[in-house]
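Visitor: The file below is target.txt, compact mmCIF, C-alpha atoms and all ligand atoms:
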```txt
# COMPACT_ATOMS: atom_id res chain seq x y z
CA MET Y 43 0.00 0.00 0.00
CA SER Y 44 1.14 3.53 -0.62
CA THR Y 45 2.20 6.13 1.89
CA VAL Y 46 -0.69 8.11 3.37
CA LEU Y 47 1.24 11.16 4.36
CA LYS Y 48 4.62 12.46 3.36
CA THR Y 49 6.45 15.70 3.94
CA VAL Y 50 9.63 16.76 2.21
CA ASN Y 51 11.87 19.32 3.90
CA LEU Y 52 8.82 21.04 5.37
CA VAL Y 53 9.48 24.49 6.79
CA LYS Y 54 7.34 27.04 8.58
CA ILE Y 55 8.63 30.45 9.51
CA TYR Y 56 6.15 32.78 11.17
CA GLN Y 57 6.76 36.26 9.82
CA ASP Y 58 3.90 38.14 11.47
CA GLY Y 59 6.02 39.66 14.26
CA ALA Y 60 9.07 41.91 14.20
CA ILE Y 61 11.44 38.95 14.00
CA PRO Y 62 10.69 35.81 11.99
CA VAL Y 63 10.12 32.68 14.10
CA PRO Y 64 11.28 29.42 12.52
CA ALA Y 65 8.77 26.97 14.04
CA VAL Y 66 9.33 23.94 11.80
CA ARG Y 67 12.74 23.56 10.24
CA GLY Y 68 12.99 20.93 7.57
CA VAL Y 69 10.78 18.01 8.58
CA ASP Y 70 10.82 14.81 6.52
CA LEU Y 71 8.07 12.53 7.69
CA GLN Y 72 6.42 9.52 6.15
CA VAL Y 73 3.34 7.80 7.52
CA GLU Y 74 2.07 4.46 6.23
CA PRO Y 75 -1.58 3.39 6.03
CA GLY Y 76 -3.00 2.35 9.38
CA GLU Y 77 -0.01 3.63 11.29
CA PHE Y 78 -0.48 5.41 14.62
CA VAL Y 79 2.23 8.03 15.06
CA ALA Y 80 2.62 10.06 18.24
CA ILE Y 81 4.40 13.39 18.09
CA MET Y 82 6.08 14.51 21.28
CA GLY Y 83 8.39 17.33 22.23
CA PRO Y 84 8.76 20.30 24.55
CA SER Y 85 6.44 23.28 24.43
CA GLY Y 86 7.28 25.47 21.47
CA SER Y 87 9.06 22.71 19.56
CA GLY Y 88 6.67 23.09 16.62
CA LYS Y 89 4.18 20.25 17.16
CA SER Y 90 1.00 22.26 16.62
CA THR Y 91 2.53 24.10 13.69
CA LEU Y 92 3.43 20.81 12.06
CA VAL Y 93 0.01 19.17 12.39
CA HIS Y 94 -1.74 22.37 11.34
CA MET Y 95 0.25 22.30 8.13
CA LEU Y 96 -0.53 18.61 7.66
CA GLY Y 97 -4.23 19.43 7.92
CA GLY Y 98 -4.00 22.42 5.61
CA LEU Y 99 -4.91 24.82 8.43
CA ASP Y 100 -1.68 26.75 8.19
CA ALA Y 101 0.32 27.49 5.05
CA ARG Y 102 3.85 26.13 4.79
CA THR Y 103 6.76 28.43 4.10
CA SER Y 104 8.58 25.90 1.94
CA GLY Y 105 8.76 22.18 1.31
CA GLU Y 106 6.14 19.68 0.20
CA ILE Y 107 3.19 17.84 1.70
CA TRP Y 108 1.74 14.76 0.03
CA LEU Y 109 -1.54 13.12 0.98
CA ASP Y 110 -2.46 9.76 -0.54
CA GLY Y 111 0.08 10.31 -3.28
CA LYS Y 112 -1.19 13.78 -4.19
CA ARG Y 113 0.66 16.99 -3.59
CA VAL Y 114 -1.49 19.12 -1.29
CA ASP Y 115 0.64 22.01 -0.03
CA THR Y 116 -0.26 23.88 -3.20
CA LEU Y 117 -4.04 23.44 -2.80
CA SER Y 118 -6.42 26.34 -2.35
CA GLU Y 119 -8.27 26.77 0.92
CA SER Y 120 -11.52 25.51 -0.55
CA ALA Y 121 -9.83 22.40 -1.93
CA TRP Y 122 -8.39 21.78 1.54
CA ALA Y 123 -11.81 22.22 3.10
CA LEU Y 124 -13.19 19.56 0.78
CA LEU Y 125 -10.33 17.22 1.62
CA ARG Y 126 -10.88 17.64 5.36
CA ARG Y 127 -14.56 16.94 4.96
CA LYS Y 128 -13.86 13.75 3.05
CA LYS Y 129 -10.89 12.16 4.67
CA VAL Y 130 -9.13 14.15 7.36
CA GLY Y 131 -10.37 14.57 10.91
CA PHE Y 132 -8.78 17.28 13.02
CA VAL Y 133 -8.80 17.71 16.80
CA PHE Y 134 -7.55 21.13 17.86
CA GLN Y 135 -5.52 21.77 20.99
CA PHE Y 136 -8.11 24.38 21.95
CA PHE Y 137 -11.24 22.54 20.74
CA ASN Y 138 -12.72 25.08 18.24
CA LEU Y 139 -16.26 23.83 18.71
CA VAL Y 140 -19.10 25.68 17.01
CA ALA Y 141 -20.41 27.81 19.87
CA ASN Y 142 -24.03 28.22 18.76
CA MET Y 143 -24.64 24.54 18.05
CA THR Y 144 -25.37 21.85 20.61
CA VAL Y 145 -22.77 19.28 21.49
CA GLY Y 146 -24.69 16.64 19.56
CA ASP Y 147 -24.94 18.77 16.44
CA ASN Y 148 -21.25 19.62 16.62
CA VAL Y 149 -20.57 15.92 16.34
CA GLU Y 150 -23.21 15.14 13.73
CA LEU Y 151 -22.42 17.96 11.34
CA PRO Y 152 -19.11 16.64 9.92
CA ALA Y 153 -20.76 13.35 9.04
CA LEU Y 154 -23.55 15.16 7.22
CA LEU Y 155 -21.03 17.37 5.43
CA ALA Y 156 -19.14 14.28 4.36
CA GLY Y 157 -22.33 13.15 2.65
CA VAL Y 158 -23.52 10.22 4.74
CA SER Y 159 -27.25 9.74 5.23
CA PRO Y 160 -28.94 11.51 8.17
CA LYS Y 161 -29.65 8.11 9.69
CA VAL Y 162 -26.01 7.05 9.64
CA ALA Y 163 -24.89 10.49 10.86
CA ARG Y 164 -27.24 10.14 13.82
CA GLU Y 165 -25.96 6.66 14.59
CA ARG Y 166 -22.37 7.82 14.58
CA ARG Y 167 -23.24 10.75 16.80
CA GLU Y 168 -24.85 8.47 19.30
CA SER Y 169 -22.14 5.87 19.34
CA LEU Y 170 -19.32 8.43 19.63
CA LEU Y 171 -21.05 10.36 22.40
CA GLY Y 172 -21.68 7.07 24.17
CA ALA Y 173 -18.08 5.91 23.85
CA LEU Y 174 -16.86 9.16 25.39
CA ASP Y 175 -19.43 9.28 28.19
CA LEU Y 176 -21.10 12.40 26.76
CA THR Y 177 -24.60 11.15 26.02
CA ASP Y 178 -26.07 13.24 28.82
CA ARG Y 179 -24.47 16.39 27.46
CA ALA Y 180 -25.74 16.10 23.88
CA ASP Y 181 -28.17 19.02 24.15
CA ALA Y 182 -25.83 21.36 25.99
CA ALA Y 183 -23.97 24.21 24.34
CA PRO Y 184 -20.18 23.82 24.21
CA ALA Y 185 -19.70 26.77 26.59
CA GLN Y 186 -21.62 24.88 29.28
CA LEU Y 187 -19.08 22.06 29.24
CA SER Y 188 -15.89 21.60 31.23
CA GLY Y 189 -12.58 21.68 29.38
CA GLY Y 190 -12.32 17.92 29.50
CA GLU Y 191 -15.84 17.49 28.12
CA GLN Y 192 -15.22 19.94 25.28
CA GLN Y 193 -12.05 18.08 24.48
CA ARG Y 194 -13.95 14.83 24.12
CA VAL Y 195 -16.59 16.50 21.96
CA ALA Y 196 -13.79 17.75 19.71
CA LEU Y 197 -12.52 14.20 19.34
CA ALA Y 198 -16.00 12.83 18.63
CA ARG Y 199 -16.50 15.52 16.01
CA ALA Y 200 -13.22 14.70 14.30
CA LEU Y 201 -14.16 11.03 14.10
CA ALA Y 202 -17.72 11.55 12.89
CA ASN Y 203 -16.88 11.41 9.19
CA GLU Y 204 -14.72 8.31 9.79
CA PRO Y 205 -11.66 10.03 8.34
CA SER Y 206 -8.97 7.84 6.87
CA LEU Y 207 -6.50 10.20 8.55
CA LEU Y 208 -7.00 11.56 12.04
CA LEU Y 209 -4.82 14.51 13.03
CA ALA Y 210 -5.05 15.42 16.70
CA ASP Y 211 -3.33 18.06 18.78
CA GLU Y 212 -3.22 17.11 22.48
CA PRO Y 213 -6.61 15.37 22.55
CA THR Y 214 -6.21 14.38 26.20
CA GLY Y 215 -4.66 17.57 27.53
CA ASN Y 216 -7.58 18.38 29.84
CA LEU Y 217 -8.74 14.93 30.84
CA ASP Y 218 -8.66 13.14 34.16
CA SER Y 219 -7.51 9.56 34.23
CA ARG Y 220 -10.95 7.96 33.86
CA ASN Y 221 -11.81 10.06 30.82
CA THR Y 222 -8.39 9.45 29.38
CA ARG Y 223 -9.15 5.76 29.62
CA ASP Y 224 -12.32 6.25 27.53
CA VAL Y 225 -10.33 8.17 24.95
CA LEU Y 226 -7.60 5.53 24.92
CA ARG Y 227 -10.16 2.82 24.33
CA LEU Y 228 -11.76 4.72 21.46
CA LEU Y 229 -8.40 5.49 19.86
CA GLY Y 230 -7.45 1.85 20.17
CA GLU Y 231 -10.63 0.91 18.28
CA VAL Y 232 -10.09 3.54 15.62
CA HIS Y 233 -6.54 2.32 15.17
CA LYS Y 234 -7.72 -1.28 14.91
CA LYS Y 235 -10.19 -0.30 12.20
CA GLY Y 236 -7.21 0.78 10.14
CA GLN Y 237 -7.56 4.55 10.30
CA THR Y 238 -4.23 6.36 10.22
CA ILE Y 239 -3.53 8.53 13.25
CA VAL Y 240 -1.03 11.32 13.77
CA MET Y 241 -1.32 12.71 17.24
CA VAL Y 242 0.52 15.34 19.21
CA THR Y 243 0.60 14.40 22.87
CA HIS Y 244 2.39 14.98 26.14
CA ASP Y 245 0.52 12.09 27.68
CA ALA Y 246 2.77 9.06 27.79
CA ARG Y 247 -0.19 6.69 28.11
CA VAL Y 248 -1.51 7.95 24.78
CA ALA Y 249 1.91 7.99 23.13
CA ALA Y 250 2.49 4.42 24.30
CA LEU Y 251 -0.54 3.29 22.27
CA ALA Y 252 1.18 4.45 19.11
CA ASP Y 253 3.25 2.28 16.81
CA ARG Y 254 5.86 4.96 16.47
CA VAL Y 255 6.98 8.09 18.26
CA VAL Y 256 8.41 11.15 16.54
CA SER Y 257 10.15 13.58 18.88
CA LEU Y 258 10.41 17.18 17.81
CA PHE Y 259 13.00 19.53 19.21
CA ASP Y 260 13.43 23.11 18.05
CA GLY Y 261 11.37 22.46 14.95
CA GLU Y 262 13.35 19.43 13.86
CA ILE Y 263 12.87 15.69 14.24
CA ALA Y 264 15.21 14.61 17.04
CA ASP Y 265 14.08 11.00 17.13
CA ASP Y 266 11.77 8.77 15.13
CA GLY Y 267 11.30 5.15 16.09
CA ARG Y 268 9.01 2.33 17.05
CA ILE Y 269 8.01 1.54 20.60
CA ALA Y 270 9.17 -1.91 21.60
CA ARG Y 271 6.79 -4.15 23.52
CA ARG Y 272 8.79 -5.52 26.41
CA ARG Y 273 6.14 -7.58 28.16
CA THR Y 274 6.72 -6.32 31.65
CA ARG Y 275 4.32 -8.33 33.71
CA THR Y 276 3.96 -6.19 36.82
CA ALA Y 277 4.07 -2.62 38.08
CA GLY Y 278 6.97 -3.67 40.29
CA GLU Y 279 9.44 -2.45 37.68
CA VAL Y 280 8.34 1.08 38.34
CA ILE Y 281 7.17 1.06 41.94
CA ASP Y 282 9.02 -0.80 44.61
CA LEU Y 283 6.79 -1.22 47.66
CA ARG Y 284 8.63 -1.38 50.94
CA MET R 518 8.74 -7.04 53.72
CA ARG R 519 8.95 -7.13 57.56
CA LEU R 520 6.08 -4.72 58.02
CA HIS R 521 3.89 -6.28 55.34
CA LEU R 522 4.11 -9.56 57.23
CA LEU R 523 3.48 -7.96 60.62
CA ALA R 524 0.40 -6.22 59.19
CA LEU R 525 -0.97 -9.49 57.83
CA LEU R 526 -0.29 -11.26 61.13
CA ALA R 527 -2.12 -8.48 63.01
CA LYS R 528 -5.27 -9.76 61.32
CA GLU R 529 -4.76 -13.43 62.18
CA PRO R 530 -2.00 -15.96 62.83
CA ALA R 531 -0.79 -17.67 59.70
CA HIS R 532 1.91 -19.88 58.31
CA GLY R 533 4.43 -18.85 55.68
CA TYR R 534 2.56 -20.04 52.64
CA GLU R 535 -0.68 -18.39 53.75
CA LEU R 536 1.19 -15.11 54.06
CA LYS R 537 2.46 -15.46 50.54
CA GLN R 538 -1.07 -16.05 49.28
CA ALA R 539 -2.45 -13.14 51.28
CA LEU R 540 0.15 -10.78 49.79
CA GLU R 541 -0.69 -11.98 46.30
CA GLN R 542 -4.39 -11.52 46.91
CA THR R 543 -3.98 -8.05 48.33
CA PHE R 544 -1.79 -6.61 45.59
CA GLY R 545 -3.20 -8.63 42.76
CA SER R 546 -1.40 -9.61 39.63
CA ALA R 547 -0.01 -6.09 39.27
CA TYR R 548 2.79 -6.73 41.74
CA PRO R 549 5.55 -9.34 41.60
CA SER R 550 4.70 -12.41 43.60
CA PRO R 551 6.76 -12.62 46.82
CA ASN R 552 9.36 -15.32 47.10
CA ILE R 553 8.45 -17.97 49.68
CA GLY R 554 12.08 -18.37 50.75
CA GLN R 555 12.30 -14.69 51.47
CA ILE R 556 9.12 -14.85 53.52
CA TYR R 557 10.57 -17.61 55.72
CA VAL R 558 13.86 -15.76 56.15
CA THR R 559 11.98 -12.61 57.16
CA LEU R 560 9.75 -14.54 59.57
CA GLY R 561 12.89 -16.01 61.14
CA ARG R 562 14.32 -12.55 61.71
CA LEU R 563 11.07 -11.21 63.10
CA GLU R 564 11.00 -14.14 65.50
CA LYS R 565 14.56 -13.46 66.60
CA ASP R 566 13.66 -9.83 67.27
CA GLY R 567 10.69 -10.91 69.36
CA LEU R 568 8.11 -9.35 67.05
CA VAL R 569 6.43 -12.64 66.17
CA ARG R 570 6.37 -16.04 67.77
CA ALA R 571 5.82 -19.42 66.16
CA VAL R 572 4.00 -22.52 67.32
CA GLY R 573 4.36 -25.89 65.66
CA VAL R 574 1.16 -27.46 64.45
CA GLU R 575 1.12 -31.19 63.90
CA GLN R 576 0.03 -32.40 60.52
CA SER R 577 -0.81 -35.95 59.61
CA ASN R 578 1.76 -37.53 57.29
CA ARG R 579 3.65 -34.24 56.82
CA PRO R 580 6.27 -32.38 58.84
CA ASN R 581 4.93 -29.96 61.43
CA LYS R 582 4.13 -26.54 60.12
CA LYS R 583 4.84 -23.38 61.98
CA VAL R 584 2.03 -20.92 62.59
CA TYR R 585 3.21 -17.40 63.35
CA TYR R 586 1.45 -14.84 65.49
CA LEU R 587 2.16 -11.26 66.46
CA THR R 588 3.63 -10.48 69.90
CA ALA R 589 2.76 -7.34 71.90
CA LYS R 590 6.13 -5.93 70.89
CA GLY R 591 5.34 -6.71 67.26
CA ARG R 592 2.01 -4.90 67.48
CA GLU R 593 3.70 -1.88 68.98
CA HIS R 594 6.27 -1.87 66.21
CA LEU R 595 3.51 -2.06 63.60
CA THR R 596 1.51 0.74 65.23
CA THR R 597 4.52 3.03 65.23
CA TRP R 598 5.06 2.34 61.54
CA VAL R 599 1.45 3.06 60.63
CA ASP R 600 1.31 6.20 62.75
CA GLU R 601 4.49 7.91 61.63
CA PRO R 602 4.69 9.92 58.42
CA THR R 603 6.13 8.03 55.49
CA GLU R 604 9.21 9.23 53.68
CA GLY R 605 8.41 10.41 50.16
CA PRO R 606 9.55 8.27 47.28
CA ARG R 607 13.27 8.46 46.85
CA VAL R 608 13.98 8.19 43.16
CA ARG R 609 16.86 5.92 42.37
CA ASP R 610 17.87 7.49 39.14
CA GLU R 611 20.84 6.08 37.41
CA PHE R 612 19.91 7.73 34.16
CA PHE R 613 20.37 11.28 35.39
CA MET R 614 23.85 10.42 36.56
CA LYS R 615 24.63 8.98 33.15
CA LEU R 616 23.24 12.01 31.41
CA VAL R 617 25.26 14.49 33.42
CA LEU R 618 28.49 12.52 33.17
CA ALA R 619 28.08 11.32 29.56
CA PRO R 620 29.93 14.15 27.82
CA LEU R 621 32.97 13.42 30.00
CA THR R 622 33.16 9.89 28.67
CA GLY R 623 32.97 10.88 25.02
CA ILE R 624 30.97 7.68 24.44
CA ALA R 625 27.53 9.03 23.72
CA ASP R 626 25.99 12.43 23.24
CA ARG R 627 23.17 13.55 25.50
CA MET R 628 20.56 13.78 22.78
CA ALA R 629 21.10 10.12 21.89
CA LEU R 630 20.84 9.10 25.54
CA ILE R 631 17.64 11.07 26.02
CA ASN R 632 16.08 9.62 22.90
CA ARG R 633 16.90 6.08 23.92
CA GLN R 634 15.59 6.65 27.42
CA ARG R 635 12.35 8.11 26.13
CA ARG R 636 11.74 5.03 24.04
CA HIS R 637 12.50 2.86 27.03
CA TYR R 638 9.98 4.69 29.24
CA LEU R 639 7.36 4.56 26.52
CA SER R 640 7.76 0.86 26.05
CA LEU R 641 7.35 0.38 29.81
CA MET R 642 4.26 2.54 29.60
CA SER R 643 2.89 0.49 26.77
CA ASP R 644 3.28 -2.62 28.91
CA LEU R 645 1.44 -0.90 31.75
CA ASN R 646 -1.36 -0.04 29.32
CA ASP R 647 -1.65 -3.73 28.48
CA LEU R 648 -1.47 -4.69 32.14
CA LEU R 649 -4.25 -2.24 32.97
CA ASP R 650 -6.38 -3.72 30.20
CA ARG R 651 -5.92 -7.20 31.59
CA THR R 652 -6.64 -6.20 35.19
CA SER R 653 -10.20 -6.52 36.40
CA PRO R 654 -11.74 -3.19 37.46
CA THR R 655 -12.78 -4.85 40.70
CA ASP R 656 -9.14 -5.40 41.58
CA ARG R 657 -8.84 -1.89 42.95
CA VAL R 658 -5.50 -2.15 44.70
CA ALA R 659 -3.90 -3.49 41.54
CA ILE R 660 -5.50 -0.76 39.38
CA LEU R 661 -4.26 1.98 41.70
CA LEU R 662 -0.81 0.49 41.75
CA ILE R 663 -0.66 0.48 37.95
CA GLU R 664 -1.99 4.02 37.78
CA GLY R 665 0.66 5.07 40.28
CA ALA R 666 3.34 3.47 38.16
CA MET R 667 2.00 5.32 35.10
CA LEU R 668 2.03 8.66 36.86
CA HIS R 669 5.62 8.10 37.96
CA LEU R 670 6.63 7.22 34.42
CA GLN R 671 4.90 10.34 33.15
CA ALA R 672 6.96 12.38 35.63
CA ASP R 673 10.11 10.66 34.42
CA LEU R 674 9.26 11.61 30.86
CA ASP R 675 8.52 15.20 31.81
CA TRP R 676 11.83 15.38 33.60
CA LEU R 677 13.53 13.95 30.54
CA GLU R 678 12.01 16.73 28.47
CA ARG R 679 13.33 19.33 30.90
CA CYS R 680 16.77 17.77 30.67
CA GLN R 681 16.54 17.90 26.90
CA GLU R 682 15.61 21.58 26.96
CA ASP R 683 18.45 22.56 29.27
CA LEU R 684 21.26 20.10 28.67
CA ALA R 685 21.10 18.72 25.17
N1 LIG S 1 0.84 32.43 14.85
C1 LIG S 1 2.10 32.48 15.26
N2 LIG S 1 2.86 33.56 15.06
C2 LIG S 1 4.15 33.62 15.46
N3 LIG S 1 4.77 32.62 16.10
C3 LIG S 1 4.08 31.50 16.34
C4 LIG S 1 2.71 31.36 15.95
N4 LIG S 1 2.28 30.14 16.32
C5 LIG S 1 3.32 29.54 16.94
N5 LIG S 1 4.41 30.35 16.95
C6 LIG S 1 5.74 30.03 17.48
O1 LIG S 1 6.23 28.87 16.82
C7 LIG S 1 6.89 28.00 17.73
C8 LIG S 1 6.22 26.63 17.72
O2 LIG S 1 4.91 26.78 18.22
P1 LIG S 1 3.91 25.56 18.31
O3 LIG S 1 2.59 26.10 18.73
O4 LIG S 1 3.95 24.78 17.06
O5 LIG S 1 4.56 24.72 19.49
P2 LIG S 1 4.04 23.38 20.23
O6 LIG S 1 5.14 22.37 20.09
O7 LIG S 1 2.71 23.00 19.71
O8 LIG S 1 3.96 23.84 21.76
P3 LIG S 1 2.89 23.42 22.92
O9 LIG S 1 3.37 22.11 23.46
O10 LIG S 1 3.07 24.53 23.92
O11 LIG S 1 1.53 23.38 22.33
C9 LIG S 1 6.86 28.69 19.07
O12 LIG S 1 8.08 29.39 19.23
C10 LIG S 1 5.71 29.67 18.94
O13 LIG S 1 5.92 30.81 19.73
MG MG S 2 0.81 22.99 20.58
```
As structure tokens - that is how I would like this structure written.
Ligand SMILES: Nc1ncnc2c1ncn2[C@@H]1O[C@H](COP(=O)(O)OP(=O)(O)OP(=O)(O)O)[C@@H](O)[C@H]1O
Ligand SMILES: [Mg+2]
Guide:
Amino acid sequence: MSTVLKTVNLVKIYQDGAIPVPAVRGVDLQVEPGEFVAIMGPSGSGKSTLVHMLGGLDARTSGEIWLDGKRVDTLSESAWALLRRKKVGFVFQFFNLVANMTVGDNVELPALLAGVSPKVARERRESLLGALDLTDRADAAPAQLSGGEQQRVALARALANEPSLLLADEPTGNLDSRNTRDVLRLLGEVHKKGQTIVMVTHDARVAALADRVVSLFDGEIADDGRIARRRTRTAGEVIDLR
Amino acid sequence: MRLHLLALLAKEPAHGYELKQALEQTFGSAYPSPNIGQIYVTLGRLEKDGLVRAVGVEQSNRPNKKVYYLTAKGREHLTTWVDEPTEGPRVRDEFFMKLVLAPLTGIADRMALINRQRRHYLSLMSDLNDLLDRTSPTDRVAILLIEGAMLHLQADLDWLERCQEDLA
């Protein structure tokens, strides 16, 4: 099968301030179908900038981005919008929910936009809200939700059109450990279904679900490798009770 | 292990193998199973210190087994332990030492060490994810122990990131 996502010497320099800020400095990344890639790195290392470019939400300064074998960094905004509707789901670090729509409609809309029948869109809405323990909140407005709840709605929304590529920026940043477990379970299922996932995360539990971890540092890839399964059988390797 | 055994004996007298089983039941599959030899050695020391005493119980067609019970001194010792504040975790961190001294050796650069260590922590974390999946939600002590291990690993990773920012 062919590569889902590829970047060639991708660069982003923010020029809006007095001094230009090089946020991403020559990233070569290749993601295969069905792969789950976690992106880690210190604050300011360029993680959000990178995934925004991958989702067409931020223009690159130079370099190339290829999606399913097609060059996309040269696409117009409307062509990107179409692409996102069809095959890319995006979870923003700061949610970006539609404020004047209910939680349920926020989740249902992307499925409708992707062209699935109202019946299927409703089914997906219900199953996603259920999986993330949000069923009770379906009729609320986003502003009435806690940060962790909004975060889960953002994830549900990104998955509603069953994107072949899920791009997510810190999708568990505001969650407690029980909610993180729900999200982990859902991501595990999505991964098993063969959807490709590229996810920025500080949460080691989430990163450990991935097949591969890419570490950014100062806008460059400092490390890129698979996570070995060691088969530790107990927690005793980490905590020594005395 | 001394205090674990005293605590179990405070509940009821028991022989060595029963103590092993009780420890396993309490901590669940999330914690390494205690070694029976070590339990007997520890019981021997506790007996010598007067914290427990043993009585032989006759068994048909087997050697006598020893049932241990807590002495008054043992109970006092246990109470003191429970009542006093517990020292915080003392991290035994060999990695940090390596990281600080590495440039002196000329063998590896810090970035390479940090990257390797990150992968190591993540693979441990991935095992803990699996372990958590396999652990029944009713096994609450085991679940909490695994979650504790995960939180510690997360702290290790955060520390690693700080080291990367300032040292690499
Ligand atoms: N719109 C912008 N204009 C100017 N500089 C920006 C802009 N967005 C980000 N930057 C800068 O680019 C660099 C990378 O930012 P980015 O948001 O990608 O980091 P990050 O790795 O996602 O950090 P965090 O973990 O804090 O979310 C930072 O130095 C940041 O200040
Ligand atoms: Mg960010």
Visitor: Counting only C-alpha atoms and all ligand atoms, what are the residues, protein, DNA or RNA alike, that approach ligand MG 2 (chain S) to within 12 Å? I want them as a CSV table (one decimal) with C-alpha atoms, in the frame of the given file.
Guide:
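Done, and the output landed in part04.csv:
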```
chain,number,residue,atom,x,y,z
Y,65,ALA,CA,8.8,27.0,14.0
Y,81,ILE,CA,4.4,13.4,18.1
Y,82,MET,CA,6.1,14.5,21.3
Y,83,GLY,CA,8.4,17.3,22.2
Y,84,PRO,CA,8.8,20.3,24.6
Y,85,SER,CA,6.4,23.3,24.4
Y,86,GLY,CA,7.3,25.5,21.5
Y,87,SER,CA,9.1,22.7,19.6
Y,88,GLY,CA,6.7,23.1,16.6
Y,89,LYS,CA,4.2,20.2,17.2
Y,90,SER,CA,1.0,22.3,16.6
Y,91,THR,CA,2.5,24.1,13.7
Y,92,LEU,CA,3.4,20.8,12.1
Y,93,VAL,CA,0.0,19.2,12.4
Y,94,HIS,CA,-1.7,22.4,11.3
Y,133,VAL,CA,-8.8,17.7,16.8
Y,134,PHE,CA,-7.6,21.1,17.9
Y,135,GLN,CA,-5.5,21.8,21.0
Y,136,PHE,CA,-8.1,24.4,22.0
Y,210,ALA,CA,-5.0,15.4,16.7
Y,211,ASP,CA,-3.3,18.1,18.8
Y,212,GLU,CA,-3.2,17.1,22.5
Y,213,PRO,CA,-6.6,15.4,22.6
Y,215,GLY,CA,-4.7,17.6,27.5
Y,241,MET,CA,-1.3,12.7,17.2
Y,242,VAL,CA,0.5,15.3,19.2
Y,243,THR,CA,0.6,14.4,22.9
Y,244,HIS,CA,2.4,15.0,26.1
Y,258,LEU,CA,10.4,17.2,17.8
Y,261,GLY,CA,11.4,22.5,15.0
```
Visitor: Output as a ChimeraX atom specification the set of chain R residues within 9 Å of chain Y, with distances taken over all atoms listed in the file.
Guide: /R:518-521,546-549,628-629,632-633,636-648,659,662-667,669-671,674-675,678-679,681-682
Visitor: Can you tell me, as JSON, the centre and edge lengths (Å, one decimal) of the axis-aligned box enclosing all of ligand LIG 1 (chain S)'s listed atoms after padding each side by 4 Å?
Guide:
```
{"center_x": 4.5, "center_y": 27.9, "center_z": 19.4, "size_x": 15.2, "size_y": 19.5, "size_z": 17.1}
```
Visitor: Would you compute the distance between CA of Leu522 in chain R and CA of Val574 in chain R? Give it in Å to one decimal.
Guide: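 Result for CA of Leu522 in chain R versus CA of Val574 in chain R: 19.5 Å, one decimal.
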Visitor: For CA of Phe613 in chain R and CA of Glu262 in chain Y, quote the distance in Å rounded to one decimal.
Guide: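 So the answer is 24.1 Å.
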Visitor: Quote the spacing between CA of Pro62 in chain Y and atom O10 of ligand LIG 1 (chain S) in Å to one decimal place.
Guide: 18.1 Å
Visitor: For each of Y:Ala153, Y:Val140, Y:Leu99, Y:Val79, take the minimum atom-to-atom distance to ligand LIG 1 (chain S), counting all atoms listed in the file, then give the residue where this is smallest.
Guide: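 The shortest atom-to-atom distance to ligand LIG 1 (chain S) comes from Y:Leu99.
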Visitor: Could you tell me which of Y:Lys54, Y:Lys161, Y:Arg127, Y:Arg220 comes closest to Leu201 in chain Y if we count all atoms listed in the file?
Guide: Y:Arg127
Visitor: May I have the residues within 8 Å of Val572 in chain R as a list in words, using only C-alpha atoms and disregarding those fewer than 2 positions away in the same chain?
Guide: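 Result of the neighbour search: Arg570, Val574, Lys583, Val584 and Tyr585 of chain R.
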Visitor: Find the residue from Y:Leu96, Y:Leu197, Y:Ile239, Y:Leu209 that sits nearest to Thr222 in chain Y; use all atoms listed in the file when measuring.
Guide: Y:Leu197
Visitor: Counting only C-alpha atoms, which of R:Ala539, R:Ala527, R:Leu621, R:Val558 gets nearest to Gly591 in chain R?
Guide: R:Ala527
Visitor: Measuring atom to atom with only C-alpha atoms and all ligand atoms, identify which of Y:Leu117, Y:Ile263, Y:Leu71, Y:Val162 is nearest to ligand LIG 1 (chain S).
Guide: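 Using only C-alpha atoms and all ligand atoms, the shortest distance to ligand LIG 1 (chain S) belongs to Y:Ile263.
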Visitor: Between R:Glu564, R:Asp600, R:Gln538, R:Arg635, single out the one closest to Ala672 in chain R, counting only C-alpha atoms.
Guide: R:Arg635
